[in-house]
Structure formats: structure tokens, C-alpha cells
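Below is work30.txt, holding compact mmCIF, C-alpha atoms.
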# COMPACT_ATOMS: atom_id res chain seq x y z
CA MET Q 9 0.00 0.00 0.00
CA PRO Q 10 1.44 3.38 -1.00
CA GLY Q 11 -0.34 4.99 1.96
CA THR Q 12 1.92 3.35 4.49
CA ARG Q 13 5.05 5.10 3.24
CA GLY Q 14 4.00 8.26 5.06
CA ARG Q 15 4.99 10.78 2.40
CA ARG Q 16 2.13 13.10 3.39
CA PRO Q 17 3.16 15.24 6.35
CA SER Q 18 -0.30 15.08 7.92
CA GLY Q 19 -0.71 11.37 7.18
CA SER Q 20 -1.06 10.06 10.69
CA ASN Q 21 -3.59 12.68 11.75
CA THR Q 22 -5.64 12.04 8.64
CA ARG Q 23 -5.51 8.32 9.25
CA GLU Q 24 -6.64 8.78 12.85
CA ALA Q 25 -9.49 11.04 11.79
CA ILE Q 26 -10.69 8.44 9.30
CA VAL Q 27 -10.44 5.63 11.85
CA ALA Q 28 -12.41 7.66 14.40
CA ALA Q 29 -15.11 8.58 11.90
CA ALA Q 30 -15.33 4.98 10.67
CA ALA Q 31 -15.59 3.54 14.19
CA HIS Q 32 -18.34 6.05 14.98
CA GLN Q 33 -20.35 5.44 11.81
CA PHE Q 34 -20.09 1.64 11.82
CA ALA Q 35 -21.29 1.65 15.45
CA GLU Q 36 -24.04 4.16 14.75
CA LEU Q 37 -25.35 2.97 11.37
CA GLY Q 38 -24.27 -0.67 11.25
CA TYR Q 39 -22.09 -2.18 8.56
CA PRO Q 40 -24.52 -2.27 5.60
CA ARG Q 41 -25.64 1.37 5.86
CA THR Q 42 -22.20 2.87 6.39
CA THR Q 43 -20.54 4.35 3.30
CA LEU Q 44 -16.97 5.47 2.57
CA ARG Q 45 -18.40 8.78 1.45
CA GLY Q 46 -20.13 9.31 4.79
CA ILE Q 47 -16.96 8.43 6.68
CA ALA Q 48 -14.92 10.80 4.53
CA ARG Q 49 -17.42 13.59 5.16
CA GLU Q 50 -17.24 13.13 8.93
CA ALA Q 51 -13.44 12.94 8.84
CA GLY Q 52 -13.32 16.08 6.67
CA VAL Q 53 -11.34 14.42 3.88
CA ASP Q 54 -11.90 13.36 0.30
CA THR Q 55 -13.34 9.86 -0.23
CA ARG Q 56 -10.30 9.01 -2.36
CA LEU Q 57 -8.09 9.51 0.67
CA VAL Q 58 -10.07 6.91 2.59
CA THR Q 59 -9.57 4.46 -0.27
CA HIS Q 60 -5.90 5.43 -0.44
CA TYR Q 61 -5.30 4.49 3.19
CA PHE Q 62 -7.69 1.57 3.68
CA GLY Q 63 -8.58 0.16 0.28
CA SER Q 64 -12.23 -0.70 0.80
CA LYS Q 65 -15.12 -0.43 3.23
CA GLN Q 66 -14.57 -4.08 4.18
CA GLU Q 67 -10.90 -3.56 5.02
CA LEU Q 68 -11.62 -0.35 6.88
CA PHE Q 69 -14.26 -2.09 8.96
CA VAL Q 70 -12.02 -4.95 9.93
CA THR Q 71 -9.22 -2.50 10.77
CA VAL Q 72 -11.29 -0.33 13.09
CA VAL Q 73 -13.48 -3.00 14.66
CA GLU Q 74 -13.05 -3.91 18.29
CA LEU Q 75 -14.09 -7.41 19.27
CA PRO Q 76 -17.08 -7.25 21.62
CA PHE Q 77 -15.14 -9.29 24.18
CA ASP Q 78 -11.65 -9.59 25.63
CA PRO Q 79 -10.13 -12.75 24.07
CA ASP Q 80 -7.84 -13.42 27.07
CA GLN Q 81 -10.67 -13.19 29.53
CA VAL Q 82 -12.94 -15.42 27.44
CA LEU Q 83 -10.17 -17.99 27.12
CA GLU Q 84 -9.69 -18.04 30.86
CA THR Q 85 -13.41 -18.45 31.54
CA VAL Q 86 -13.94 -21.16 28.93
CA LEU Q 87 -10.77 -23.11 29.76
CA THR Q 88 -11.32 -23.14 33.53
CA GLY Q 89 -12.56 -26.62 34.43
CA GLY Q 90 -10.69 -28.31 31.58
CA PRO Q 91 -12.14 -30.51 28.84
CA GLU Q 92 -15.23 -31.53 30.80
CA GLY Q 93 -18.08 -29.16 30.03
CA VAL Q 94 -15.97 -26.92 27.78
CA GLY Q 95 -18.55 -27.19 24.99
CA LEU Q 96 -21.32 -25.85 27.19
CA ARG Q 97 -19.12 -23.05 28.56
CA LEU Q 98 -18.16 -21.96 25.06
CA ALA Q 99 -21.74 -22.21 23.76
CA THR Q 100 -23.08 -20.24 26.73
CA PHE Q 101 -20.47 -17.53 26.26
CA ALA Q 102 -21.03 -17.24 22.49
CA LEU Q 103 -24.82 -17.15 22.63
CA THR Q 104 -24.96 -14.78 25.60
CA MET Q 105 -22.46 -12.46 23.93
CA LEU Q 106 -24.55 -12.36 20.74
CA GLU Q 107 -27.60 -11.19 22.71
CA ALA Q 108 -26.14 -7.70 23.07
CA PRO Q 109 -27.18 -5.66 20.01
CA ALA Q 110 -23.76 -3.96 19.69
CA ALA Q 111 -21.89 -7.26 19.84
CA ARG Q 112 -24.25 -8.77 17.31
CA ARG Q 113 -23.74 -5.82 14.96
CA THR Q 114 -19.97 -6.27 15.20
CA MET Q 115 -20.06 -10.00 14.57
CA THR Q 116 -22.52 -9.82 11.67
CA GLY Q 117 -20.48 -6.93 10.23
CA LEU Q 118 -17.31 -9.03 10.40
CA LEU Q 119 -18.98 -11.91 8.59
CA ARG Q 120 -20.61 -9.70 5.97
CA ALA Q 121 -17.22 -8.09 5.31
CA ALA Q 122 -15.48 -11.48 5.15
CA ALA Q 123 -18.13 -12.86 2.81
CA SER Q 124 -17.82 -10.03 0.35
CA GLU Q 125 -14.06 -9.52 0.06
CA ASP Q 126 -10.95 -11.65 0.27
CA GLU Q 127 -8.79 -9.07 2.01
CA ALA Q 128 -11.37 -8.66 4.75
CA ALA Q 129 -11.68 -12.44 5.00
CA HIS Q 130 -7.96 -12.66 5.82
CA LEU Q 131 -8.29 -10.12 8.57
CA VAL Q 132 -11.38 -11.76 10.08
CA ARG Q 133 -9.60 -15.10 10.01
CA ASP Q 134 -6.69 -13.67 11.99
CA LEU Q 135 -8.99 -11.90 14.39
CA LEU Q 136 -11.15 -14.87 15.28
CA THR Q 137 -9.13 -18.03 14.77
CA THR Q 138 -5.65 -16.81 15.71
CA ARG Q 139 -6.72 -14.81 18.73
CA ILE Q 140 -9.33 -17.05 20.27
CA LEU Q 141 -10.21 -20.39 18.68
CA VAL Q 142 -6.72 -21.84 18.14
CA PRO Q 143 -5.55 -20.89 21.68
CA LEU Q 144 -8.76 -22.46 23.01
CA ALA Q 145 -8.18 -25.74 21.14
CA ARG Q 146 -4.53 -25.72 22.27
CA GLY Q 147 -5.59 -25.12 25.85
CA ILE Q 148 -7.85 -28.18 25.75
CA GLY Q 149 -4.95 -30.20 24.42
CA GLY Q 150 -6.37 -32.41 21.67
CA ASP Q 151 -4.41 -33.22 18.50
CA ASP Q 152 -4.62 -30.89 15.49
CA PRO Q 153 -5.81 -27.71 17.28
CA GLU Q 154 -5.96 -25.84 13.95
CA LEU Q 155 -8.52 -28.25 12.51
CA ARG Q 156 -10.53 -28.18 15.73
CA ALA Q 157 -10.43 -24.37 15.79
CA SER Q 158 -11.55 -24.20 12.16
CA LEU Q 159 -14.47 -26.55 12.76
CA LEU Q 160 -15.51 -24.49 15.80
CA GLY Q 161 -15.18 -21.35 13.71
CA SER Q 162 -17.38 -22.87 11.03
CA GLN Q 163 -20.17 -23.60 13.51
CA VAL Q 164 -19.93 -20.21 15.21
CA ALA Q 165 -19.90 -18.41 11.85
CA GLY Q 166 -22.79 -20.59 10.69
CA LEU Q 167 -24.86 -19.67 13.72
CA VAL Q 168 -24.28 -15.96 13.19
CA VAL Q 169 -25.10 -16.24 9.48
CA ALA Q 170 -28.17 -18.46 9.93
CA ARG Q 171 -29.54 -16.70 13.00
CA HIS Q 172 -28.68 -13.06 12.49
CA ILE Q 173 -28.01 -12.57 8.77
CA VAL Q 174 -30.22 -15.07 6.90
CA GLY Q 175 -32.64 -15.14 9.84
CA LEU Q 176 -33.77 -18.77 9.88
CA GLU Q 177 -36.94 -18.50 11.95
CA ARG Q 178 -36.46 -21.19 14.54
CA LEU Q 179 -32.92 -20.01 15.28
CA ALA Q 180 -33.87 -16.35 15.38
CA ASP Q 181 -36.76 -17.14 17.75
CA ALA Q 182 -35.01 -19.60 20.04
CA ASP Q 183 -33.75 -18.32 23.38
CA PRO Q 184 -29.98 -18.41 23.96
CA ALA Q 185 -30.15 -21.12 26.64
CA THR Q 186 -32.02 -23.51 24.31
CA LEU Q 187 -29.51 -22.95 21.54
CA ALA Q 188 -26.56 -23.24 23.93
CA ALA Q 189 -27.88 -26.64 25.04
CA ALA Q 190 -28.32 -27.73 21.42
CA VAL Q 191 -24.85 -26.68 20.22
CA ALA Q 192 -22.84 -27.48 23.38
CA PRO Q 193 -22.31 -31.16 22.40
CA VAL Q 194 -21.14 -29.98 18.97
CA PHE Q 195 -18.50 -27.67 20.44
CA GLN Q 196 -17.55 -30.45 22.87
CA HIS Q 197 -17.15 -32.85 19.95
CA TYR Q 198 -14.96 -30.47 17.94
CA LEU Q 199 -12.76 -29.75 20.96
CA THR Q 200 -12.36 -33.18 22.55
CA ALA Q 201 -13.54 -36.06 20.33
CA ASP Q 202 -11.46 -38.31 18.09
CA LEU Q 203 -12.40 -36.51 14.88
CA ALA Q 204 -11.07 -39.27 12.63
CA SER Q 205 -13.53 -41.89 13.85
CA PRO Q 206 -16.44 -42.02 11.39
CA VAL Q 207 -18.51 -44.46 13.43
CA GLN Q 208 -18.72 -42.22 16.48
CA ARG Q 209 -22.22 -40.95 17.23
CA ALA Q 210 -23.20 -37.70 18.85
CA MET C 30 -43.23 -6.18 -8.39
CA PRO C 31 -44.66 -4.15 -11.27
CA GLY C 32 -42.68 -6.26 -13.76
CA THR C 33 -44.73 -9.36 -13.11
CA ARG C 34 -48.01 -7.87 -14.34
CA GLY C 35 -46.91 -8.33 -17.95
CA ARG C 36 -48.08 -4.99 -19.29
CA ARG C 37 -45.14 -4.82 -21.72
CA PRO C 38 -45.95 -6.87 -24.84
CA SER C 39 -42.39 -8.18 -25.07
CA GLY C 40 -42.08 -8.59 -21.30
CA SER C 41 -41.75 -12.32 -21.12
CA ASN C 42 -39.14 -12.48 -23.88
CA THR C 43 -37.14 -9.74 -22.22
CA ARG C 44 -37.35 -11.49 -18.91
CA GLU C 45 -36.19 -14.74 -20.45
CA ALA C 46 -33.30 -13.03 -22.19
CA ILE C 47 -32.18 -11.51 -18.90
CA VAL C 48 -32.48 -14.83 -17.08
CA ALA C 49 -30.46 -16.62 -19.78
CA ALA C 50 -27.73 -13.96 -19.78
CA ALA C 51 -27.60 -13.96 -15.99
CA ALA C 52 -27.36 -17.75 -15.74
CA HIS C 53 -24.56 -17.70 -18.31
CA GLN C 54 -22.56 -14.92 -16.67
CA PHE C 55 -22.91 -16.14 -13.09
CA ALA C 56 -21.71 -19.58 -14.23
CA GLU C 57 -18.89 -18.13 -16.34
CA LEU C 58 -17.62 -15.33 -14.10
CA GLY C 59 -18.77 -16.39 -10.66
CA TYR C 60 -20.97 -14.30 -8.39
CA PRO C 61 -18.56 -11.54 -7.29
CA ARG C 62 -17.37 -10.62 -10.81
CA THR C 63 -20.78 -10.62 -12.47
CA THR C 64 -22.43 -7.20 -12.90
CA LEU C 65 -25.96 -6.13 -13.78
CA ARG C 66 -24.48 -4.00 -16.55
CA GLY C 67 -22.72 -7.01 -18.09
CA ILE C 68 -25.90 -9.07 -17.92
CA ALA C 69 -27.91 -6.26 -19.52
CA ARG C 70 -25.35 -5.97 -22.32
CA GLU C 71 -25.53 -9.70 -23.09
CA ALA C 72 -29.34 -9.65 -22.96
CA GLY C 73 -29.41 -6.60 -25.24
CA VAL C 74 -31.42 -4.49 -22.80
CA ASP C 75 -30.89 -1.43 -20.65
CA THR C 76 -29.53 -2.05 -17.14
CA ARG C 77 -32.60 -0.29 -15.70
CA LEU C 78 -34.79 -2.98 -17.21
CA VAL C 79 -32.85 -5.66 -15.31
CA THR C 80 -33.41 -3.73 -12.09
CA HIS C 81 -37.06 -3.25 -13.02
CA TYR C 82 -37.64 -7.01 -13.32
CA PHE C 83 -35.31 -8.37 -10.65
CA GLY C 84 -34.43 -5.62 -8.20
CA SER C 85 -30.81 -6.40 -7.49
CA LYS C 86 -27.92 -8.63 -8.46
CA GLN C 87 -28.52 -10.70 -5.34
CA GLU C 88 -32.19 -11.28 -6.17
CA LEU C 89 -31.42 -12.02 -9.79
CA PHE C 90 -28.81 -14.59 -8.76
CA VAL C 91 -31.12 -16.40 -6.40
CA THR C 92 -33.87 -16.37 -9.04
CA VAL C 93 -31.78 -17.89 -11.82
CA VAL C 94 -29.64 -20.25 -9.76
CA GLU C 95 -30.15 -23.96 -10.10
CA LEU C 96 -29.22 -26.02 -7.07
CA PRO C 97 -26.26 -28.25 -7.96
CA PHE C 98 -28.28 -31.30 -6.89
CA ASP C 99 -31.81 -32.67 -7.12
CA PRO C 100 -33.38 -32.19 -3.66
CA ASP C 101 -35.73 -35.18 -4.04
CA GLN C 102 -32.92 -37.52 -4.99
CA VAL C 103 -30.68 -36.29 -2.18
CA LEU C 104 -33.51 -36.74 0.30
CA GLU C 105 -34.06 -40.31 -0.85
CA THR C 106 -30.35 -41.17 -0.62
CA VAL C 107 -29.84 -39.59 2.79
CA LEU C 108 -33.08 -40.93 4.31
CA THR C 109 -32.59 -44.52 3.12
CA GLY C 110 -31.44 -46.51 6.13
CA GLY C 111 -33.31 -44.33 8.62
CA PRO C 112 -31.87 -42.48 11.62
CA GLU C 113 -28.82 -44.73 11.99
CA GLY C 114 -25.91 -43.30 10.06
CA VAL C 115 -27.94 -40.40 8.63
CA GLY C 116 -25.31 -37.90 9.83
CA LEU C 117 -22.54 -39.61 7.90
CA ARG C 118 -24.70 -39.97 4.77
CA LEU C 119 -25.59 -36.27 4.85
CA ALA C 120 -21.99 -35.21 5.57
CA THR C 121 -20.64 -37.40 2.78
CA PHE C 122 -23.19 -36.02 0.33
CA ALA C 123 -22.56 -32.38 1.28
CA LEU C 124 -18.76 -32.56 1.22
CA THR C 125 -18.61 -34.61 -1.99
CA MET C 126 -21.03 -32.21 -3.69
CA LEU C 127 -18.89 -29.21 -2.71
CA GLU C 128 -15.84 -30.75 -4.40
CA ALA C 129 -17.23 -29.94 -7.85
CA PRO C 130 -16.12 -26.40 -8.77
CA ALA C 131 -19.47 -25.48 -10.35
CA ALA C 132 -21.42 -26.66 -7.29
CA ARG C 133 -19.05 -24.80 -5.00
CA ARG C 134 -19.48 -21.61 -7.03
CA THR C 135 -23.26 -21.90 -6.76
CA MET C 136 -23.23 -22.53 -3.03
CA THR C 137 -20.74 -19.77 -2.22
CA GLY C 138 -22.70 -17.43 -4.51
CA LEU C 139 -25.92 -18.22 -2.63
CA LEU C 140 -24.28 -17.46 0.70
CA ARG C 141 -22.59 -14.29 -0.51
CA ALA C 142 -25.93 -13.09 -1.87
CA ALA C 143 -27.73 -14.00 1.35
CA ALA C 144 -25.08 -12.27 3.46
CA SER C 145 -25.31 -9.02 1.55
CA GLU C 146 -29.05 -8.52 1.09
CA ASP C 147 -32.21 -9.33 3.02
CA GLU C 148 -34.32 -10.11 -0.03
CA ALA C 149 -31.77 -12.64 -1.25
CA ALA C 150 -31.54 -14.10 2.24
CA HIS C 151 -35.28 -14.85 2.12
CA LEU C 152 -34.92 -16.66 -1.16
CA VAL C 153 -31.89 -18.67 -0.03
CA ARG C 154 -33.75 -19.65 3.11
CA ASP C 155 -36.65 -21.00 1.07
CA LEU C 156 -34.34 -22.74 -1.35
CA LEU C 157 -32.28 -24.59 1.23
CA THR C 158 -34.36 -25.07 4.34
CA THR C 159 -37.83 -25.49 2.82
CA ARG C 160 -36.75 -27.72 -0.04
CA ILE C 161 -34.23 -29.97 1.63
CA LEU C 162 -33.40 -29.55 5.32
CA VAL C 163 -36.91 -29.43 6.80
CA PRO C 164 -38.11 -32.45 4.75
CA LEU C 165 -34.97 -34.28 5.85
CA ALA C 166 -35.58 -33.57 9.53
CA ARG C 167 -39.26 -34.52 9.08
CA GLY C 168 -38.22 -37.75 7.39
CA ILE C 169 -36.05 -38.71 10.35
CA GLY C 170 -38.97 -38.04 12.64
CA GLY C 171 -37.56 -36.17 15.64
CA ASP C 172 -39.47 -33.40 17.40
CA ASP C 173 -39.17 -29.80 16.19
CA PRO C 174 -37.96 -30.50 12.63
CA GLU C 175 -37.68 -26.74 11.93
CA LEU C 176 -35.17 -26.22 14.73
CA ARG C 177 -33.19 -29.29 13.65
CA ALA C 178 -33.21 -28.10 10.03
CA SER C 179 -32.03 -24.63 11.05
CA LEU C 180 -29.18 -26.03 13.13
CA LEU C 181 -28.14 -28.28 10.22
CA GLY C 182 -28.36 -25.28 7.92
CA SER C 183 -26.15 -23.27 10.27
CA GLN C 184 -23.41 -25.92 10.20
CA VAL C 185 -23.61 -26.44 6.43
CA ALA C 186 -23.54 -22.67 5.81
CA GLY C 187 -20.69 -22.33 8.29
CA LEU C 188 -18.64 -24.95 6.48
CA VAL C 189 -19.14 -23.23 3.13
CA VAL C 190 -18.27 -19.84 4.62
CA ALA C 191 -15.25 -21.05 6.61
CA ARG C 192 -13.87 -23.41 3.98
CA HIS C 193 -14.66 -21.73 0.69
CA ILE C 194 -15.26 -18.05 1.44
CA VAL C 195 -13.07 -17.13 4.42
CA GLY C 196 -10.68 -19.98 3.56
CA LEU C 197 -9.64 -21.22 7.01
CA GLU C 198 -6.49 -23.18 6.12
CA ARG C 199 -7.08 -26.48 7.84
CA LEU C 200 -10.60 -26.70 6.43
CA ALA C 201 -9.59 -25.65 2.95
CA ASP C 202 -6.75 -28.21 2.97
CA ALA C 203 -8.61 -31.12 4.54
CA ASP C 204 -9.88 -33.85 2.23
CA PRO C 205 -13.66 -34.36 2.07
CA ALA C 206 -13.59 -37.77 3.76
CA THR C 207 -11.74 -36.38 6.81
CA LEU C 208 -14.20 -33.51 7.13
CA ALA C 209 -17.20 -35.80 6.58
CA ALA C 210 -15.97 -37.99 9.46
CA ALA C 211 -15.50 -34.90 11.67
CA VAL C 212 -18.93 -33.37 11.00
CA ALA C 213 -21.00 -36.57 10.70
CA PRO C 214 -21.59 -36.83 14.49
CA VAL C 215 -22.69 -33.17 14.48
CA PHE C 216 -25.31 -33.76 11.77
CA GLN C 217 -26.34 -36.94 13.59
CA HIS C 218 -26.75 -34.92 16.79
CA TYR C 219 -28.85 -32.21 15.16
CA LEU C 220 -31.10 -34.79 13.46
CA THR C 221 -31.58 -37.39 16.18
CA ALA C 222 -30.45 -36.24 19.65
CA ASP C 223 -32.53 -34.83 22.47
CA LEU C 224 -31.51 -31.22 21.83
CA ALA C 225 -32.86 -29.96 25.13
CA SER C 226 -30.50 -32.02 27.27
CA PRO C 227 -27.55 -29.82 28.22
CA VAL C 228 -25.53 -32.59 29.88
CA GLN C 229 -25.36 -34.76 26.77
CA ARG C 230 -21.84 -35.12 25.36
CA ALA C 231 -20.84 -35.61 21.76
Translate the structure of the given file into C-alpha cells.
Amino acid sequence: MPGTRGRRPSGSNTREAIVAAAAHQFAELGYPRTTLRGIAREAGVDTRLVTHYFGSKQELFVTVVELPFDPDQVLETVLTGGPEGVGLRLATFALTMLEAPAARRTMTGLLRAAASEDEAAHLVRDLLTTRILVPLARGIGGDDPELRASLLGSQVAGLVVARHIVGLERLADADPATLAAAVAPVFQHYLTADLASPVQRA
Amino acid sequence: MPGTRGRRPSGSNTREAIVAAAAHQFAELGYPRTTLRGIAREAGVDTRLVTHYFGSKQELFVTVVELPFDPDQVLETVLTGGPEGVGLRLATFALTMLEAPAARRTMTGLLRAAASEDEAAHLVRDLLTTRILVPLARGIGGDDPELRASLLGSQVAGLVVARHIVGLERLADADPATLAAAVAPVFQHYLTADLASPVQRA
């Protein structure tokens, strides 16, 4: 990216102004209704400058977004108690977290951004698997933590997509405790089971 | 939709021309690189006419898309043998189907469309849950087939997103048989387990 060379004297202030405006507008309007033009207007710069520094709306979003939880704290909570019950602890955390409208907006925004652009997909991957799911699978200690983390990620992403983006009725209607009970054995399976055994039954 | 009233004499021919051009371009270029303007050019009509009949690229895609499988045939294959082993049969079907590049393009296109627009999300929901997942859950005979179908849908959608859109390495690299073995117990759980029991372990 040419923008990172810093040839503009006021580069870092401009960058900060754009980040602040973007964080504000994504939080206020949600991901779909936010535009680069609106962000540029609030930051007092030309839209082309936003593109120059951040490439696209998707990349900008993933750059400014703050996860609606502290990964270290979540890891501690979910890992405490070891393998037994880890599926239910993870399911309870994830579904409770998604009840808060702001958290839900962030997570659906991340997935919408990842679904629509490869560069954003990279960033989302780093944010979610590297920072939380791989350390979780490592902490539980099974073989192939990367595969386990990816399978967990697929089910978490699928729940957000099906429940909050596509809006499958029975998922959208169900209360978090019901869903946590239903998906807990799945998370438990991905974290602790022998994944290579095809005859195993849930 | 005003376009469906057929007040234009050449309406149905125009509509067909747009549908044919769209089917061709989505298949040829994939969902992200196809544009309404390109479709209009191939159909020999103005872009506004495409919007008039179909609303948006997302809606047009979901209207012209053909599922890369015959739902009735899949249902028969997966249901034969009853509840025992249904998870593995469904997992094997889904992961084998997604190996074909054309099928993968269709499924990722459906999810990208659903993720970016509510109207498309409605159509995708009808296409996948109504036509295949709910009848499957009904065929197995557990309680609350809609909830089971939605949970299945969440895991299938999550796999497509994580493996083929976000590209989580270990999922993208894994061979279909390995993944089928890993997710089979999850599908089995969603189709046959007592979902309300939080102490159950996979």
C-alpha cells in the first residue's frame, strides 16, 4: 500500500481522523448502511483519501473494529474446568455475547465483510481463529488444534449467518439457553472427540 | 413487483433473455465478478430494465440459480437406512457435492448473496431449508424439525463460509472424507439427539 510510506506530512492525523469517523459510523449505522463517502465527510477528507489508506469499506471495517469481548478473559473463563463441560461453557459464552445488540452488529459486520471480500476475509480469520479459537483448542490439548479451531469457527460463523443474517426463523426465535444446550455437544465434539472416527455418534 | 403484471408486450421475452444472460454470466464469471451492466449488455437491454424485473444482483442470482443437486434424490439417498448413520450420509453427500467447482461456485454465490441482502436471504432460506433440510428432519422423525433443520443449515452454511469463502487453512486443505468424518456426528446430533438435554456429550 502506497499509503503506508508516510509521504504526506499530515498522514497520521488524517488516518486517525478516518479511523475515528469509521468507528463512529459503523457503530451508529451498522455495517450495511455505512458508506466510505459518509466516513470521509465526517473525517473532513476526500473519499479518495479513505480508499488510499484503507482500500475498501470491508478492510476499513475490519481494521477499526473492536471485538465485543476480551479474548484473554474469554479464554480463561472457557478453559477453567478443563475438557469436561468446555462445549457448554463456550456455547453459553457465544450465545450470551450475541444477545447484546452492539456485539451482534460487530459479529454480523465481520462476517458480511469477510463474505464479500478476500482481504477482509484474511483479517477476520486472523482476528477470530488466531486470537481465540486456536488458543482455546490448544488449551484443551487435543491433537490438530488448527482443525478443531476451524471446525468451531465454522459452527460459530454458521450460527451468526443463519440466525442473524439469513434469519432462519427457529434459530432467530429460540432463546440463547435452548440454543446453547443444542450446540454445546457440537463444540464439545470439535474440541475433545477423536475426529477421525467415522462411526462415532453424537 | 410491477414487472410481473406483464403490461409490456415483449415482457416475457425480455425477462427470459435476462435470465439466460444472468445464468450464463454467473456460471462463467462467478458471483462476485458478475455485474448487472454485463448481464444487460448480453441480454441486449438497458440495465434499468434488469433492475425493473429483478431488483438487485442478489435477487437475480437467487432467481436464476439452479441447485447443484436434485433435492428429491438427495432426500431419498440420505433418508434410506433411517436415523442410523444419517449424519454420515448427509456429511458425505454435502462434502462430496462441494468438491465440484461449479457446485461450490453456486453454493458460495448463494451465501454471498444471502449475506449481503435481506431479499436474497429470504430466497436462499426458502431454497435450502424449505426444499431440503426441513423435509430431511421430518423424514427422520424427531421433534421440532424446523429447529433441527435450522441447526443443520447453520453448520452447512458455516462450512461453506469457513472453507470456501473465508478460507480457514485447515478446512480448505482437509480432504472431504476427513471432514465428513468430523462433522457426521454433528449432523447426527442435530437430526436425532434430544436437543434440550444440556448434559449430553458428543
Residue hits in chain Q, query chain C, radius 7 Å, only C-alpha atoms, as JSON, numbers by chain: {"Q": [120, 122, 123, 124, 129, 130, 133, 154, 155, 158, 162, 163, 165, 166, 167, 170, 173, 174, 176, 178, 179, 186, 189, 190, 193, 194, 196, 197, 203, 204, 205, 206, 208, 209, 210]}
Point-to-point distance in Å for CA of Gln66 (chain Q) and CA of Leu89 (chain C):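 We find that CA of Leu89 (chain C) and CA of Gln66 (chain Q) lie 23.3 Å from each other.
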Neighbour list for Val82 (chain Q) as a VMD selection string, cut-off 12 Å, only C-alpha atoms, skip fewer than 2 positions in-chain: chain Q and resid 75 to 80 84 to 88 94 97 to 102 105 139 to 141 143 to 144
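The Cα RMSD between chain C and chain Q, which share one sequence, comes to 0.2 Å after optimal superposition of the latter on the former.
Atom pair CA of Phe55 (chain C) / CA of Val93 (chain C) has a distance of 9.1 Å (rounded to one decimal).
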CA of Leu124 (chain C) to CA of Pro205 (chain C), straight-line distance in Å: 5.5 Å
Arg45 (chain Q) surroundings by only C-alpha atoms, 9 Å radius, close-in-sequence under 4 positions cut, as a PyMOL selection string: chain Q and resi 49-50+54-56+58
Radius query 10 Å about (-15.5, 7.2, 5.4), atoms used: all atoms listed in the file, as a ChimeraX atom specification: /Q:25-31,33-34,42-59,62,64-65,68
